[in-house]
Structures are given as C-alpha cells and as structure tokens.
Amino acid sequence: MEKRPLGRSGLHVAPLALGGNVFGWTADEATSFDILDRFVDAGLTLIDTANSYSTWVPGHQGGESETIIGKWLKRSGRRDAVVIATKVGMAALGDGAGLEAAQIERHVEGSLRRLQTDRIDLYQTHKDDTATPVEETLEALAALVKAGKVRAIGASQYEPARLRESLEASARLGIPRYDTLQPEFNLYDREHFERTYQPMALEYGLAVIPFFGLAKGFLSGKYRKAADIEGRPRAAGLKKYFEGERGLRILAALDNVSQRVGATQAQVSLAWLMAQPSIAAPIVSATSLAQLDEIAAAVRLDLDAEALAELDRASR
C-alpha cells in the first residue's frame with residue numbers, strides 16, 4: 001500500500017488514519033479491539049488518539065482511549081506494525097488546558113503508561129496555549145524527542161500566525177519542528193483550511209492529518225434531512241450541514257459520483273480528501289467492523305478528473 005511521509009520526520013503512514021475518539025465511548029473495549037485488529041489487517045498504520053479522550057462522557061476524566069489502545073497493543077503484539085499518535089494540551093486528568101513544559105513532561109509519562117509503550121511516534125499539541133511562549137512548548141517537546149520518548153511532533157488547533165511563529169522558532173533554535181498539522185478539513189468544511197493552512201503546509205512541507213474527514217458522518221450520505229440526526233450522539237454538531245442548500249448540493253454530487261464509480265458516498269468523500277495537496281491521512285472513526293470495512297476501501301479508489309471537478313463545484 002502507498003505510504004505517505006509525515007513531513008520531514010522520516011515516518012511514513014498509509015493514507016487513512018483511525019480515530020481513537022470513539023474507543024471507550026461509542027465503541028466498547030471488545031469492539032475497539034476488533035476494529036484495531038481489522039484496521040491493521042487491512043494494511044493501515046496510523047492510529048490517532050489524545051490524553052483527553054473521552055472527557056465529554058459523564059464519569060470519564062480522559063485517558064480512556066489511550067488505555068484501550070494500550071491494552072490492545074499488549075494483547076496483539078503489533079506495536080511495530082502501527083504508528084501511534086496522541087496529543088497533549090486539552091483539559092484532562094485533573095489538569096486544565098495548557099502547554100507549559102511541566103505539564104507536557106507530566107502528561108507524556110501518563111500517555112506512555114496508558115499506551116503501554118516506550119515511545120510515542122507522533123506527539124501533537126492538541127490546542128494552542130497562547131499564555132505559554134512557543135519556545136517553552138517546543139523546547140519541552142524537543143527534550144522528549146532527544147530522550148527517545150517521542151519520535152516526531154505535530155500541531156493541531158493553532159491559529160496560522162502562531163503556527164508560523166512555532167515553525168520559525170524551531171528553525172531559529174535548531175530543535176525539532178512540527179512536521180504535521182491536524183485541522184478540520186473535509187468536502188464541506190474546506191474554505192478555512194484551503195485559505196489559511198494549506199498554503200503554509202505546502203510552504204513548510206507539513207503533512208496534514210485532517211479530522212472530521214466525513215463531517216461527523218454527514219458525508220457518508222446516511223443523513224438526508226434534519227430529522228435524521230435527532231437523538232444521535234453528534235446531533236448538535238451535525239445541524240449546520242442542513243442550513244441552506246450547500247449541504248444537499250454536496251450530497252447530490254456524492255450520489256452522482258458514487259453511482260458512476262461504483263463506490264459509497266463515504267468512500268468517495270475520503271478519496272476526494274486523499275487526493276488533495278498536502279494531505280497525508282484523513283482521520284476516520286468506526287464503531288463497527290462493517291463501518292471500518294467500508295471506509296478502509298476508500299484507499300483503493302482513485303477518482304478521475306471529472307469526478308474531482310464535480311465534487312469541487314458542488315462544495316465550492
């Protein structure tokens with residue numbers, strides 16, 4: 001399978017990432033183990049999680065997803081077959097949000113312990129902490145790389161100016177830089193990324209690992225009207241896709257392309273995303289083997305220029 005580089009880190013991953021946000025939430029431990037096994041059996045490699053998953057669930061404090069992944073790594077013995085990415089910086093495990101050096105040093109140890117591994121392949125700052133100088137954060141991360149606890153670093157939710165400041169600070173200080181960027185980007189939510197982040201990703205050679213690749217499930221085509229999302233765990237986040245005509249226009253284009261190429265709407269959506277400049281591996285979550293099998297098949301779908309153009313027009 002094609003492997004794409006994570007910036008200049010030396011790491012390469014298959015072009016689809018598995019989101020661990022559902023592990024311990026809408027996928028119990030046994031289901032999560034099955035999904036992880038099937039994911040690796042399909043030749044895919046990048047598993048993304050965070051120390052704050054899943055603080056939004058009543059009774060959870062964070063670390064639940066990492067714990068399940070760690071149990072799976074120990075049981076399966078497949079640590080060397082996967083690239084493990086996790087994050088730090090959101091409120092979790094009794095700490096508020098932040099990227100101070102002491103907090104990073106404290107939380108990396110917890111992540112390593114829960115993941116039952118001696119290294120994190122990609123350690124990402126989950127959300128910018130504007131109260132902490134970028135130099136402090138980067139030097140703390142550089143120390144982890146030097147100690148062998150982390151192989152590469154990445155950024156997630158950063159304003160463009162702070163991201164550029166961080167990249168330039170790393171160059172100035174001669175320390176590891178962010179090699180990946182994890183923003184929201186999909187066929188519906190594209191304007192902000194394409195206008196502000198994609199040019200920077202191309203300029204600096206950053207590998208983009210977008211989240212919400214299927215727009216919380218909207219781009220799978222399973223929601224056709226606002227009533228379809230009532231009672232869903234992500235109902236609040238799905239409402240915007242039914243405001244105005246653009247969402248329905250995108251679904252119509254997905255239907256057309258899907259029928260023409262013999263694929264599902266979800267597969268077409270992900271294939272469009274994987275065809276975009278700077279994209280390394282969109283993140284997708286699955287709560288069943290059937291869901292995973294469907295989305296994993298997207299890596300074998302190459303959309304022609306006509307299909308890409310139709311989707312671009314509909315989502316413009």
# chains A, B, ... in the order shown; residues from 1 in each chain; ligands from 1
>>> select_by_dssp(residues="range 48-237 of chain A", states="alpha helix (DSSP H)", output="PyMOL selection string")
chain A and resi 64-76+101-115+134-146+160-173+191-192+198-204+235-237
>>> residues_around(residues="Arg224 in chain A", least_positions_apart="5", cutoff="9 Å", atoms="only C-alpha atoms", output="list in words")
Phe218, Ile229, Phe242, Leu248 and Leu251 of chain A
>>> residues_around(residues="Glu105 in chain A", least_positions_apart="5", cutoff="12 Å", atoms="only C-alpha atoms", output="PDB file with N, CA and C atoms, in the first residue's frame")
ATOM      1  N   VAL A  88      -1.515  16.256  23.602  1.00  0.00           N
ATOM      2  CA  VAL A  88      -1.464  16.861  24.927  1.00  0.00           C
ATOM      3  C   VAL A  88      -1.902  18.314  24.796  1.00  0.00           C
ATOM      4  N   GLY A  89      -2.493  18.852  25.856  1.00  0.00           N
ATOM      5  CA  GLY A  89      -2.819  20.277  25.845  1.00  0.00           C
ATOM      6  C   GLY A  89      -4.245  20.620  26.195  1.00  0.00           C
ATOM      7  N   GLY A  98      -3.385  23.489  28.627  1.00  0.00           N
ATOM      8  CA  GLY A  98      -2.132  24.220  28.674  1.00  0.00           C
ATOM      9  C   GLY A  98      -0.978  23.441  28.096  1.00  0.00           C
ATOM     10  N   LEU A  99       0.061  24.182  27.680  1.00  0.00           N
ATOM     11  CA  LEU A  99       1.244  23.569  27.075  1.00  0.00           C
ATOM     12  C   LEU A  99       2.531  24.036  27.752  1.00  0.00           C
ATOM     13  N   GLU A 100       2.443  24.275  29.067  1.00  0.00           N
ATOM     14  CA  GLU A 100       3.660  24.593  29.801  1.00  0.00           C
ATOM     15  C   GLU A 100       4.571  23.365  29.825  1.00  0.00           C
ATOM     16  N   GLY A 110       2.110   9.846  31.558  1.00  0.00           N
ATOM     17  CA  GLY A 110       0.824   9.179  31.678  1.00  0.00           C
ATOM     18  C   GLY A 110       0.406   8.512  30.375  1.00  0.00           C
ATOM     19  N   SER A 111       0.631   9.196  29.261  1.00  0.00           N
ATOM     20  CA  SER A 111       0.274   8.616  27.962  1.00  0.00           C
ATOM     21  C   SER A 111       1.103   7.369  27.670  1.00  0.00           C
ATOM     22  N   LEU A 112       2.386   7.423  27.934  1.00  0.00           N
ATOM     23  CA  LEU A 112       3.242   6.257  27.716  1.00  0.00           C
ATOM     24  C   LEU A 112       2.782   5.074  28.576  1.00  0.00           C
ATOM     25  N   TYR A 123       3.687  12.978  18.652  1.00  0.00           N
ATOM     26  CA  TYR A 123       3.113  13.655  19.824  1.00  0.00           C
ATOM     27  C   TYR A 123       2.669  15.036  19.379  1.00  0.00           C
ATOM     28  N   GLU A 136       8.911  27.725  24.861  1.00  0.00           N
ATOM     29  CA  GLU A 136       8.841  26.819  26.023  1.00  0.00           C
ATOM     30  C   GLU A 136       8.224  25.483  25.625  1.00  0.00           C
ATOM     31  N   THR A 137       7.144  25.541  24.887  1.00  0.00           N
ATOM     32  CA  THR A 137       6.480  24.318  24.443  1.00  0.00           C
ATOM     33  C   THR A 137       7.394  23.492  23.549  1.00  0.00           C
ATOM     34  N   LEU A 138       8.017  24.134  22.583  1.00  0.00           N
ATOM     35  CA  LEU A 138       8.862  23.417  21.631  1.00  0.00           C
ATOM     36  C   LEU A 138      10.101  22.821  22.297  1.00  0.00           C
ATOM     37  N   GLU A 139      10.686  23.537  23.229  1.00  0.00           N
ATOM     38  CA  GLU A 139      11.874  23.006  23.917  1.00  0.00           C
ATOM     39  C   GLU A 139      11.512  21.803  24.783  1.00  0.00           C
ATOM     40  N   ALA A 140      10.314  21.826  25.378  1.00  0.00           N
ATOM     41  CA  ALA A 140       9.870  20.672  26.159  1.00  0.00           C
ATOM     42  C   ALA A 140       9.658  19.463  25.249  1.00  0.00           C
ATOM     43  N   LEU A 141       9.075  19.698  24.078  1.00  0.00           N
ATOM     44  CA  LEU A 141       8.872  18.610  23.122  1.00  0.00           C
ATOM     45  C   LEU A 141      10.206  18.098  22.573  1.00  0.00           C
ATOM     46  N   ALA A 142      11.137  19.028  22.334  1.00  0.00           N
ATOM     47  CA  ALA A 142      12.460  18.632  21.835  1.00  0.00           C
ATOM     48  C   ALA A 142      13.180  17.735  22.831  1.00  0.00           C
ATOM     49  N   ALA A 143      12.993  18.011  24.109  1.00  0.00           N
ATOM     50  CA  ALA A 143      13.620  17.175  25.132  1.00  0.00           C
ATOM     51  C   ALA A 143      13.065  15.759  25.107  1.00  0.00           C
ATOM     52  N   LEU A 144      11.778  15.630  24.799  1.00  0.00           N
ATOM     53  CA  LEU A 144      11.171  14.304  24.703  1.00  0.00           C
ATOM     54  C   LEU A 144      11.711  13.544  23.497  1.00  0.00           C
ATOM     55  N   VAL A 145      11.925  14.258  22.401  1.00  0.00           N
ATOM     56  CA  VAL A 145      12.500  13.632  21.209  1.00  0.00           C
ATOM     57  C   VAL A 145      13.918  13.164  21.509  1.00  0.00           C
ATOM     58  N   ALA A 147      15.162  12.352  24.322  1.00  0.00           N
ATOM     59  CA  ALA A 147      15.136  11.240  25.271  1.00  0.00           C
ATOM     60  C   ALA A 147      14.601   9.957  24.648  1.00  0.00           C
ATOM     61  N   LYS A 149      11.496   9.362  23.896  1.00  0.00           N
ATOM     62  CA  LYS A 149      10.110   9.095  24.287  1.00  0.00           C
ATOM     63  C   LYS A 149       9.128   9.463  23.179  1.00  0.00           C
ATOM     64  N   VAL A 150       9.560  10.346  22.284  1.00  0.00           N
ATOM     65  CA  VAL A 150       8.735  10.821  21.175  1.00  0.00           C
ATOM     66  C   VAL A 150       9.596  10.803  19.917  1.00  0.00           C
TER      67      VAL A 150
END
>>> closest_atom_pairs(of="range 114-171 of chain A", to="range 42-55 of chain A", cutoff="9 Å", atoms="only C-alpha atoms", output="CSV")
residue,atom,partner,partner_atom,distance
A:Leu122,CA,A:Asp48,CA,8.9
A:Gln124,CA,A:Ala50,CA,8.5
A:His126,CA,A:Ala50,CA,7.8
>>> closest_residue(among="A:Ala263, A:Leu163, A:Ala252, A:Leu238", to="Gly217 in chain A", atoms="only C-alpha atoms")
A:Leu238
>>> residues_around(residues="range 181-194 of chain A", least_positions_apart="4", cutoff="8 Å", atoms="only C-alpha atoms", output="MDAnalysis selection string")
chainID A and resid 154:157 198:199 201 206:215 219 247 250 269 272:273 311 315
>>> residues_around(residues="Pro5 in chain A", least_positions_apart="2", cutoff="12 Å", atoms="only C-alpha atoms", output="ChimeraX atom specification")
/A:2-3,7-15,46,83,152,179-180,205-209,278-281
>>> write_last_selection(atoms="C-alpha atoms", output="tab-separated table (two decimals), in the first residue's frame")
chain	number	residue	atom	x	y	z
A	2	GLU	CA	1.10	3.56	-0.69
A	3	LYS	CA	2.86	5.19	2.26
A	7	GLY	CA	6.75	15.87	6.91
A	8	ARG	CA	10.50	15.51	7.34
A	9	SER	CA	10.20	13.17	10.33
A	10	GLY	CA	11.21	10.00	8.47
A	11	LEU	CA	7.89	8.39	9.42
A	12	HIS	CA	5.58	7.12	6.67
A	13	VAL	CA	1.96	6.07	7.02
A	14	ALA	CA	-0.80	4.51	4.95
A	15	PRO	CA	-3.17	7.20	3.63
A	46	LEU	CA	-1.77	5.38	11.76
A	83	VAL	CA	2.25	4.48	14.11
A	152	ALA	CA	8.12	13.33	15.90
A	179	ASP	CA	6.05	18.02	10.98
A	180	THR	CA	2.30	17.50	10.92
A	205	GLY	CA	6.28	20.61	3.86
A	206	LEU	CA	3.85	19.77	6.65
A	207	ALA	CA	1.83	16.56	6.42
A	208	VAL	CA	-1.84	17.23	7.07
A	209	ILE	CA	-3.88	14.72	9.08
A	278	SER	CA	-0.57	18.18	1.42
A	279	ILE	CA	-2.93	15.51	2.81
A	280	ALA	CA	-1.18	12.54	4.45
A	281	ALA	CA	-4.01	10.59	6.07
>>> closest_residue(among="A:Ala307, A:Asp41, A:Val284, A:Arg234", to="Leu18 in chain A", atoms="only C-alpha atoms")
A:Val284
